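Okay, model_27.txt is below, compact mmCIF, C-alpha atoms:
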```txt
# COMPACT_ATOMS: atom_id res chain seq x y z
CA MET T 1 37.15 21.96 30.54
CA PRO T 2 39.79 19.29 31.20
CA THR T 3 39.46 15.53 31.19
CA LEU T 4 41.34 13.54 33.83
CA ALA T 5 42.27 9.88 33.37
CA VAL T 6 42.83 7.70 36.42
CA LEU T 7 45.01 4.80 35.27
CA THR T 8 44.99 1.87 37.69
CA ALA T 9 48.33 0.06 37.76
CA ALA T 10 48.60 -1.24 41.33
CA GLY T 11 47.54 -4.86 40.78
CA SER T 12 49.79 -7.77 41.66
CA GLY T 13 49.38 -9.81 38.48
CA THR T 14 49.68 -13.12 40.34
CA ARG T 15 47.82 -15.03 37.65
CA LEU T 16 50.37 -13.90 35.08
CA GLY T 17 52.95 -15.98 36.91
CA MET T 18 55.42 -13.10 37.05
CA ASP T 19 57.61 -11.84 39.89
CA LEU T 20 56.62 -8.22 39.32
CA PRO T 21 53.37 -6.25 39.33
CA LYS T 22 51.21 -6.75 36.26
CA ALA T 23 51.47 -3.16 35.06
CA LEU T 24 55.26 -3.48 34.88
CA VAL T 25 55.21 -6.67 32.81
CA GLU T 26 56.56 -5.92 29.35
CA LEU T 27 54.71 -6.24 26.08
CA ASP T 28 56.95 -5.77 23.04
CA GLY T 29 59.64 -4.23 25.25
CA LEU T 30 57.41 -1.74 27.07
CA PRO T 31 55.59 -2.10 30.41
CA LEU T 32 51.82 -2.44 30.13
CA VAL T 33 51.31 0.83 32.02
CA VAL T 34 53.35 2.71 29.39
CA HIS T 35 51.29 1.23 26.54
CA ALA T 36 48.08 2.24 28.30
CA ALA T 37 49.28 5.77 29.08
CA ARG T 38 50.50 6.27 25.51
CA ARG T 39 47.09 5.42 24.09
CA LEU T 40 45.25 7.66 26.51
CA CYS T 41 47.49 10.53 25.44
CA ALA T 42 47.21 9.67 21.74
CA SER T 43 43.43 10.03 21.94
CA GLY T 44 43.73 13.79 22.22
CA ALA T 45 40.80 13.63 24.66
CA VAL T 46 42.80 13.42 27.91
CA ASP T 47 44.46 16.42 29.55
CA ALA T 48 46.12 14.84 32.58
CA LEU T 49 46.76 11.41 34.09
CA VAL T 50 46.92 10.08 37.62
CA VAL T 51 48.47 6.62 37.85
CA THR T 52 47.98 4.38 40.88
CA ALA T 53 51.16 2.35 41.36
CA PRO T 54 52.12 -0.47 43.71
CA ALA T 55 53.17 0.99 47.07
CA GLY T 56 56.89 1.68 47.06
CA LEU T 57 57.15 1.79 43.27
CA GLU T 58 55.68 5.23 42.71
CA ASP T 59 59.02 6.81 41.73
CA HIS T 60 59.84 3.94 39.37
CA VAL T 61 56.50 4.21 37.58
CA ALA T 62 56.82 8.00 37.42
CA SER T 63 60.25 7.60 35.84
CA LEU T 64 58.96 5.14 33.23
CA LEU T 65 56.21 7.50 32.18
CA GLY T 66 58.24 10.68 32.48
CA ASP T 67 60.95 9.32 30.21
CA ASP T 68 58.54 8.33 27.44
CA PRO T 69 58.06 11.11 24.87
CA ALA T 70 54.72 9.64 23.78
CA VAL T 71 53.29 10.27 27.26
CA ASP T 72 52.90 13.97 26.59
CA ARG T 73 50.37 14.94 29.25
CA PRO T 74 51.01 15.85 32.90
CA VAL T 75 51.30 12.67 34.97
CA ARG T 76 50.99 12.25 38.72
CA VAL T 77 51.74 8.89 40.34
CA VAL T 78 50.24 7.89 43.70
CA ALA T 79 50.28 4.70 45.73
CA GLY T 80 47.41 2.32 45.14
CA ALA T 81 45.43 0.70 47.92
CA GLY T 82 44.26 -2.76 48.90
CA THR T 83 41.37 -2.96 46.43
CA ARG T 84 40.73 -1.57 42.99
CA GLN T 85 37.93 0.62 44.36
CA ALA T 86 40.20 2.09 47.02
CA SER T 87 42.97 2.66 44.47
CA VAL T 88 40.63 4.52 42.12
CA ALA T 89 39.40 6.64 45.03
CA ALA T 90 42.99 7.55 45.90
CA GLY T 91 43.77 8.44 42.30
CA LEU T 92 40.58 10.44 41.98
CA ARG T 93 41.35 12.49 45.09
CA ALA T 94 44.89 13.20 43.92
CA GLY T 95 43.82 14.14 40.42
CA LEU T 96 41.03 16.46 41.47
CA ASP T 97 43.18 18.12 44.12
CA ALA T 98 45.84 18.81 41.50
CA SER T 99 43.29 20.16 39.04
CA THR T 100 42.08 22.93 41.35
CA SER T 101 45.05 25.08 40.34
CA ASP T 102 44.92 24.34 36.62
CA ALA T 103 44.61 27.38 34.38
CA ASP T 104 42.05 25.58 32.23
CA GLY T 105 39.65 25.19 35.14
CA PRO T 106 38.48 22.19 37.16
CA VAL T 107 38.12 18.74 35.65
CA ASP T 108 34.61 17.97 34.42
CA VAL T 109 35.09 14.49 32.89
CA VAL T 110 36.96 11.61 34.53
CA LEU T 111 38.06 8.41 32.84
CA VAL T 112 38.97 5.30 34.82
CA HIS T 113 41.16 2.89 32.88
CA ASP T 114 43.03 -0.29 33.72
CA ALA T 115 46.66 -0.74 32.73
CA ALA T 116 45.67 -4.39 32.30
CA ARG T 117 43.93 -3.24 29.09
CA PRO T 118 47.05 -1.72 27.50
CA LEU T 119 45.90 -1.75 23.87
CA ALA T 120 42.61 0.14 24.23
CA PRO T 121 42.62 2.20 21.02
CA PRO T 122 42.62 6.01 21.12
CA ARG T 123 39.36 5.96 19.13
CA LEU T 124 37.72 4.07 22.00
CA VAL T 125 38.91 6.67 24.50
CA ARG T 126 37.43 9.44 22.35
CA ARG T 127 34.15 7.52 21.96
CA VAL T 128 33.71 7.31 25.73
CA VAL T 129 34.62 10.94 26.36
CA ASP T 130 32.32 12.15 23.59
CA ALA T 131 29.41 10.21 25.10
CA VAL T 132 29.98 11.74 28.53
CA ARG T 133 30.22 15.23 27.06
CA SER T 134 26.98 14.65 25.17
CA GLY T 135 25.16 14.42 28.50
CA HIS T 136 25.51 10.83 29.75
CA GLY T 137 26.80 10.90 33.31
CA ALA T 138 28.31 7.40 33.23
CA VAL T 139 29.51 5.60 30.11
CA VAL T 140 31.14 2.19 29.67
CA PRO T 141 32.38 0.48 26.50
CA GLY T 142 31.05 -3.02 25.98
CA LEU T 143 31.09 -5.88 23.48
CA PRO T 144 28.22 -8.26 22.70
CA VAL T 145 28.62 -11.61 24.45
CA ALA T 146 29.45 -14.27 21.88
CA ASP T 147 29.12 -17.38 24.05
CA THR T 148 25.88 -18.98 25.17
CA VAL T 149 25.41 -18.02 28.83
CA LYS T 150 23.64 -20.16 31.41
CA ARG T 151 22.63 -19.26 34.95
CA VAL T 152 23.36 -22.08 37.37
CA THR T 153 22.54 -22.99 40.95
CA ALA T 154 24.83 -24.48 43.59
CA ALA T 155 26.00 -28.06 43.18
CA ARG T 156 24.65 -30.63 45.65
CA PRO T 157 27.05 -31.21 48.56
CA ASP T 158 26.85 -34.97 48.00
CA ASP T 159 27.76 -34.75 44.29
CA PRO T 160 31.46 -35.60 43.98
CA THR T 161 31.59 -34.08 40.48
CA ARG T 162 30.43 -30.67 41.78
CA ALA T 163 28.22 -30.39 38.69
CA GLU T 164 26.07 -27.27 38.89
CA PRO T 165 22.42 -27.55 37.77
CA VAL T 166 21.38 -25.15 35.00
CA ALA T 167 18.56 -22.83 36.03
CA GLU T 168 18.10 -21.12 32.67
CA THR T 169 19.78 -20.03 29.46
CA VAL T 170 20.19 -16.28 29.54
CA ASP T 171 19.26 -14.21 26.49
CA ARG T 172 22.67 -12.98 25.39
CA ALA T 173 21.24 -10.36 23.02
CA ALA T 174 20.94 -7.96 25.95
CA LEU T 175 24.33 -8.80 27.49
CA ARG T 176 27.57 -6.84 27.12
CA ALA T 177 31.07 -7.65 28.31
CA VAL T 178 32.24 -4.37 29.81
CA GLN T 179 35.69 -2.86 29.26
CA THR T 180 37.61 0.26 30.21
CA PRO T 181 38.12 3.17 29.95
CA GLN T 182 34.89 4.03 31.68
CA GLY T 183 33.89 7.68 31.62
CA PHE T 184 31.99 9.83 34.09
CA ASP T 185 30.77 13.28 34.80
CA ARG T 186 33.03 14.38 37.64
CA ALA T 187 30.23 15.02 40.13
CA THR T 188 28.63 11.65 39.42
CA LEU T 189 31.84 9.69 40.02
CA VAL T 190 32.76 11.61 43.16
CA ARG T 191 29.28 11.05 44.59
CA ALA T 192 29.40 7.33 43.76
CA HIS T 193 32.76 6.84 45.49
CA GLU T 194 31.71 8.83 48.54
CA ALA T 195 28.54 6.77 48.92
CA ALA T 196 30.46 3.48 48.70
CA ALA T 197 33.54 4.45 50.73
CA HIS T 198 32.56 2.01 53.49
CA ARG T 199 33.01 -0.88 51.02
CA ALA T 200 36.36 0.16 49.57
CA GLY T 201 38.62 -1.60 52.03
CA ASP T 202 36.96 -5.02 51.85
CA GLU T 203 37.91 -7.13 48.82
CA ALA T 204 34.68 -9.12 49.16
CA LEU T 205 32.51 -5.99 49.04
CA ALA T 206 34.52 -3.56 46.92
CA ALA T 207 33.23 -2.80 43.44
CA THR T 208 35.00 -4.39 40.48
CA ASP T 209 34.17 -1.43 38.26
CA ASP T 210 33.19 2.17 38.85
CA ALA T 211 30.01 1.95 36.82
CA GLY T 212 28.74 -0.48 39.45
CA LEU T 213 29.08 2.25 42.07
CA VAL T 214 27.00 4.59 39.92
CA GLU T 215 24.38 1.88 39.42
CA ALA T 216 24.20 1.44 43.20
CA LEU T 217 23.04 5.06 43.44
CA GLY T 218 20.19 4.29 41.04
CA LEU T 219 21.70 6.52 38.36
CA PRO T 220 21.79 5.52 34.68
CA VAL T 221 24.84 4.01 33.01
CA HIS T 222 25.08 3.87 29.22
CA VAL T 223 27.08 1.49 27.03
CA VAL T 224 28.92 2.51 23.86
CA PRO T 225 30.52 0.03 21.44
CA GLY T 226 33.72 -1.45 22.83
CA ASP T 227 36.75 -2.71 20.95
CA ALA T 228 38.30 -6.17 20.82
CA ALA T 229 41.76 -4.62 21.11
CA ALA T 230 40.88 -3.43 24.62
CA ALA T 231 40.99 -7.00 25.95
CA LYS T 232 42.14 -7.48 29.53
CA ILE T 233 45.44 -9.19 30.24
CA THR T 234 45.09 -11.65 33.11
CA THR T 235 47.09 -14.73 32.10
CA ALA T 236 50.26 -15.48 30.17
CA HIS T 237 48.06 -16.57 27.26
CA ASP T 238 46.40 -13.13 27.24
CA LEU T 239 49.85 -11.55 27.03
CA ARG T 240 50.70 -13.63 23.98
CA VAL T 241 47.40 -12.66 22.34
CA ALA T 242 48.16 -8.99 23.04
CA ALA T 243 51.52 -9.37 21.33
CA LEU T 244 49.75 -10.74 18.26
CA THR T 245 47.27 -7.86 18.34
CA LEU T 246 50.12 -5.37 18.50
CA GLY T 247 51.79 -7.07 15.54
CA GLU T 248 48.59 -6.92 13.51
CA GLU T 249 48.23 -3.21 14.23
CA ARG T 250 51.62 -2.62 12.68
```

Starting from the coordinates I provided, produce the structure as structure tokens.
Amino acid sequence: MPTLAVLTAAGSGTRLGMDLPKALVELDGLPLVVHAARRLCASGAVDALVVTAPAGLEDHVASLLGDDPAVDRPVRVVAGAGTRQASVAAGLRAGLDASTSDADGPVDVVLVHDAARPLAPPRLVRRVVDAVRSGHGAVVPGLPVADTVKRVTAARPDDPTRAEPVAETVDRAALRAVQTPQGFDRATLVRAHEAAAHRAGDEALAATDDAGLVEALGLPVHVVPGDAAAAKITTAHDLRVAALTLGEER
């Protein structure tokens, strides 16, 4: 049965300091969204893509992806929404509606991936899909946390330095820095988004990742090994690091 990938590309990218949406910023001459879509397709584990684009730029994004021969899976582009959670929900609805007429049957596995992680390797995509198909309803890739992590409490209002008191040093052995793509059994992800729909429109309440919505239902989420190449691009420095990573791959 088919695997659908929802590729989120509707973010503004303000912290990149660019005048265009983050997913359209170029890395080695190609927009980030094209890099991400190429790698999803190259995995061989994805049958169709739905891309959430900035409102008003749907046709432009569709043209970018449609003109790229390496994006060799059916692509549908829809407008994103005000939060990541709402954008994913919109992409999920569009992708599942489109799949109802597919000859191969309805989608049973859904990936959610961020265009801001354009260099996620195809092997990582396959690893996540394989784990879902082995029976895990929600799977996220994650890397061990290298830094020492401390839990802090609020700084005193009368402290001009705003120094935060340390409450404890957290055992990092059990911590993972989570990446995308995240993979889900279709029914699990649909249920999670339906249960949290009331939060989707509020940036302060909306989930920052889809696994968090599954956790809120009390359902298990499993972690598979992540990949350093799947780093998120947030700042101009991250973009330069991604360019180095791409050069090393070659």

Counting all atoms listed in the file, find residues at most 9 Å from (44.7, 15.6, 25.9) (file frame) and give them as a CSV table (one decimal) with C-alpha atoms, in the frame of the given file.
```csv
chain,number,residue,atom,x,y,z
T,2,PRO,CA,39.8,19.3,31.2
T,3,THR,CA,39.5,15.5,31.2
T,4,LEU,CA,41.3,13.5,33.8
T,40,LEU,CA,45.2,7.7,26.5
T,41,CYS,CA,47.5,10.5,25.4
T,42,ALA,CA,47.2,9.7,21.7
T,43,SER,CA,43.4,10.0,21.9
T,44,GLY,CA,43.7,13.8,22.2
T,45,ALA,CA,40.8,13.6,24.7
T,46,VAL,CA,42.8,13.4,27.9
T,47,ASP,CA,44.5,16.4,29.6
T,48,ALA,CA,46.1,14.8,32.6
T,72,ASP,CA,52.9,14.0,26.6
T,73,ARG,CA,50.4,14.9,29.2
```

query = What lies within 7 Å of Val166 of chain T using only C-alpha atoms, ignoring chain neighbours under 3 positions off, as an MDAnalysis selection string?
reply = chainID T and resid 150:153

request  = Tell me which of T:Val107, T:Ser12, T:Val77, T:Pro118 sits closest to Pro31 of chain T, counting all atoms listed in the file.
outcome  = T:Pro118

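Using all atoms listed in the file, the residues found no farther than 8 Å from segment 229-241 of chain T, other than those of its own chain fewer than 3 positions away, are Gly13, Arg15, Leu16, Gly17, Leu27, Ala116, Arg117, Pro118, Leu119, Ala120, Pro121, Gln179, Thr180, Gly226, Leu244 and Thr245 of chain T.
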
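Between Thr148 of chain T and the candidates T:Leu175, T:Val224, T:Leu57, T:Val110, the tightest atom-to-atom separation, counting only C-alpha atoms, involves T:Leu175.
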
task = May I have the protein, DNA and RNA residues with any atom at most 7 Å from the point (34.8, 11.7, 35.0), counting only C-alpha atoms, written as number ranges by chain?
result = T: 4, 108-111, 183-186, 189

Using only C-alpha atoms, please write the residues we just selected to a file, as a PDB file, in the coordinates of the input.
```pdb
ATOM      1  CA  LEU T   4      41.340  13.540  33.830  1.00  0.00           C
ATOM      2  CA  ASP T 108      34.610  17.970  34.420  1.00  0.00           C
ATOM      3  CA  VAL T 109      35.090  14.490  32.890  1.00  0.00           C
ATOM      4  CA  VAL T 110      36.960  11.610  34.530  1.00  0.00           C
ATOM      5  CA  LEU T 111      38.060   8.410  32.840  1.00  0.00           C
ATOM      6  CA  GLY T 183      33.890   7.680  31.620  1.00  0.00           C
ATOM      7  CA  PHE T 184      31.990   9.830  34.090  1.00  0.00           C
ATOM      8  CA  ASP T 185      30.770  13.280  34.800  1.00  0.00           C
ATOM      9  CA  ARG T 186      33.030  14.380  37.640  1.00  0.00           C
ATOM     10  CA  LEU T 189      31.840   9.690  40.020  1.00  0.00           C
TER      11      LEU T 189
END
```

Neighbours of Val223 of chain T within 12 Å (all atoms listed in the file; same-chain residues fewer than 6 positions away dropped), as a PDB file with C-alpha atoms, in the coordinates of the input?
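That gives us around.pdb:
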```
ATOM      1  CA  ARG T 127      34.150   7.520  21.960  1.00  0.00           C
ATOM      2  CA  VAL T 128      33.710   7.310  25.730  1.00  0.00           C
ATOM      3  CA  ALA T 131      29.410  10.210  25.100  1.00  0.00           C
ATOM      4  CA  VAL T 132      29.980  11.740  28.530  1.00  0.00           C
ATOM      5  CA  HIS T 136      25.510  10.830  29.750  1.00  0.00           C
ATOM      6  CA  GLY T 137      26.800  10.900  33.310  1.00  0.00           C
ATOM      7  CA  ALA T 138      28.310   7.400  33.230  1.00  0.00           C
ATOM      8  CA  VAL T 139      29.510   5.600  30.110  1.00  0.00           C
ATOM      9  CA  VAL T 140      31.140   2.190  29.670  1.00  0.00           C
ATOM     10  CA  PRO T 141      32.380   0.480  26.500  1.00  0.00           C
ATOM     11  CA  GLY T 142      31.050  -3.020  25.980  1.00  0.00           C
ATOM     12  CA  LEU T 143      31.090  -5.880  23.480  1.00  0.00           C
ATOM     13  CA  PRO T 144      28.220  -8.260  22.700  1.00  0.00           C
ATOM     14  CA  ALA T 174      20.940  -7.960  25.950  1.00  0.00           C
ATOM     15  CA  LEU T 175      24.330  -8.800  27.490  1.00  0.00           C
ATOM     16  CA  ARG T 176      27.570  -6.840  27.120  1.00  0.00           C
ATOM     17  CA  ALA T 177      31.070  -7.650  28.310  1.00  0.00           C
ATOM     18  CA  VAL T 178      32.240  -4.370  29.810  1.00  0.00           C
ATOM     19  CA  GLN T 179      35.690  -2.860  29.260  1.00  0.00           C
ATOM     20  CA  THR T 180      37.610   0.260  30.210  1.00  0.00           C
ATOM     21  CA  PRO T 181      38.120   3.170  29.950  1.00  0.00           C
ATOM     22  CA  GLN T 182      34.890   4.030  31.680  1.00  0.00           C
ATOM     23  CA  GLY T 183      33.890   7.680  31.620  1.00  0.00           C
ATOM     24  CA  PHE T 184      31.990   9.830  34.090  1.00  0.00           C
ATOM     25  CA  ALA T 211      30.010   1.950  36.820  1.00  0.00           C
TER      26      ALA T 211
END
```

task = Using all atoms listed in the file, pick whichever of T:Lys22, T:Arg93, T:Arg156, T:His113 has the shortest atom-to-atom distance to Glu194 of chain T.
result =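 Of all the options, T:Arg93 lies closest to Glu194 of chain T.
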
Subset file as a CSV table (one decimal), in the first residue's frame: segment 32-68 of chain T, N, CA and C atoms:
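out-v1.csv was written with the following content:
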```
chain,number,residue,atom,x,y,z
T,32,LEU,N,15.5,24.9,-1.2
T,32,LEU,CA,15.5,23.9,-0.2
T,32,LEU,C,14.4,22.9,-0.4
T,33,VAL,N,13.2,23.3,-0.8
T,33,VAL,CA,12.1,22.4,-1.0
T,33,VAL,C,12.4,21.4,-2.1
T,34,VAL,N,13.1,21.8,-3.1
T,34,VAL,CA,13.5,20.8,-4.2
T,34,VAL,C,14.5,19.8,-3.7
T,35,HIS,N,15.5,20.2,-2.9
T,35,HIS,CA,16.4,19.3,-2.3
T,35,HIS,C,15.6,18.2,-1.5
T,36,ALA,N,14.7,18.7,-0.7
T,36,ALA,CA,14.0,17.8,0.2
T,36,ALA,C,13.1,16.8,-0.6
T,37,ALA,N,12.4,17.4,-1.6
T,37,ALA,CA,11.6,16.5,-2.4
T,37,ALA,C,12.4,15.5,-3.2
T,38,ARG,N,13.5,15.9,-3.7
T,38,ARG,CA,14.4,14.9,-4.4
T,38,ARG,C,14.8,13.8,-3.5
T,39,ARG,N,15.1,14.0,-2.3
T,39,ARG,CA,15.6,13.0,-1.4
T,39,ARG,C,14.5,12.1,-0.9
T,40,LEU,N,13.3,12.6,-0.8
T,40,LEU,CA,12.2,11.8,-0.5
T,40,LEU,C,11.9,10.8,-1.6
T,41,CYS,N,12.0,11.3,-2.8
T,41,CYS,CA,11.7,10.5,-4.0
T,41,CYS,C,12.9,9.4,-4.2
T,42,ALA,N,14.1,9.9,-3.9
T,42,ALA,CA,15.2,9.0,-4.1
T,42,ALA,C,15.2,7.8,-3.1
T,43,SER,N,14.5,7.9,-2.1
T,43,SER,CA,14.4,6.8,-1.1
T,43,SER,C,13.8,5.6,-1.6
T,44,GLY,N,12.9,5.7,-2.6
T,44,GLY,CA,12.2,4.6,-3.1
T,44,GLY,C,11.0,4.2,-2.2
T,45,ALA,N,10.9,4.9,-1.1
T,45,ALA,CA,9.9,4.4,-0.1
T,45,ALA,C,8.6,5.3,-0.1
T,46,VAL,N,8.6,6.4,-1.0
T,46,VAL,CA,7.5,7.3,-1.0
T,46,VAL,C,6.9,7.2,-2.4
T,47,ASP,N,5.5,7.2,-2.3
T,47,ASP,CA,4.8,7.1,-3.6
T,47,ASP,C,4.1,8.3,-4.1
T,48,ALA,N,3.9,9.3,-3.2
T,48,ALA,CA,3.3,10.6,-3.6
T,48,ALA,C,3.7,11.6,-2.5
T,49,LEU,N,3.7,12.9,-3.0
T,49,LEU,CA,4.0,14.0,-2.1
T,49,LEU,C,2.9,15.0,-2.1
T,50,VAL,N,2.6,15.6,-0.9
T,50,VAL,CA,1.8,16.8,-0.8
T,50,VAL,C,2.7,17.9,-0.2
T,51,VAL,N,2.9,19.0,-0.8
T,51,VAL,CA,3.7,20.1,-0.3
T,51,VAL,C,2.9,21.2,0.1
T,52,THR,N,3.1,21.7,1.3
T,52,THR,CA,2.4,22.9,1.8
T,52,THR,C,3.3,24.1,1.5
T,53,ALA,N,2.7,25.0,0.7
T,53,ALA,CA,3.5,26.2,0.3
T,53,ALA,C,2.9,27.5,0.9
T,54,PRO,N,3.7,28.5,0.9
T,54,PRO,CA,3.2,29.8,1.4
T,54,PRO,C,2.0,30.2,0.5
T,55,ALA,N,1.0,30.7,1.1
T,55,ALA,CA,-0.2,31.1,0.4
T,55,ALA,C,0.1,32.1,-0.7
T,56,GLY,N,-0.4,31.8,-1.9
T,56,GLY,CA,-0.2,32.6,-3.0
T,56,GLY,C,1.0,32.1,-3.9
T,57,LEU,N,1.8,31.2,-3.4
T,57,LEU,CA,3.0,30.7,-4.1
T,57,LEU,C,2.8,29.2,-4.5
T,58,GLU,N,1.6,28.7,-4.4
T,58,GLU,CA,1.4,27.3,-4.7
T,58,GLU,C,1.8,27.0,-6.1
T,59,ASP,N,1.4,27.8,-7.1
T,59,ASP,CA,1.7,27.5,-8.5
T,59,ASP,C,3.2,27.6,-8.7
T,60,HIS,N,3.9,28.5,-8.1
T,60,HIS,CA,5.3,28.7,-8.2
T,60,HIS,C,6.0,27.4,-7.7
T,61,VAL,N,5.6,27.0,-6.5
T,61,VAL,CA,6.3,25.8,-5.9
T,61,VAL,C,6.0,24.6,-6.8
T,62,ALA,N,4.7,24.5,-7.3
T,62,ALA,CA,4.4,23.3,-8.1
T,62,ALA,C,5.2,23.3,-9.4
T,63,SER,N,5.5,24.5,-9.9
T,63,SER,CA,6.3,24.6,-11.1
T,63,SER,C,7.7,24.1,-10.9
T,64,LEU,N,8.3,24.6,-9.7
T,64,LEU,CA,9.7,24.2,-9.4
T,64,LEU,C,9.8,22.7,-9.3
T,65,LEU,N,8.8,22.0,-8.6
T,65,LEU,CA,8.9,20.6,-8.4
T,65,LEU,C,8.5,19.8,-9.7
T,66,GLY,N,7.6,20.4,-10.5
T,66,GLY,CA,7.2,19.7,-11.7
T,66,GLY,C,8.2,19.7,-12.8
T,67,ASP,N,9.1,20.7,-12.7
T,67,ASP,CA,10.1,20.9,-13.7
T,67,ASP,C,11.4,20.1,-13.4
T,68,ASP,N,11.4,19.5,-12.2
T,68,ASP,CA,12.7,18.8,-11.8
T,68,ASP,C,12.5,17.3,-12.1
```
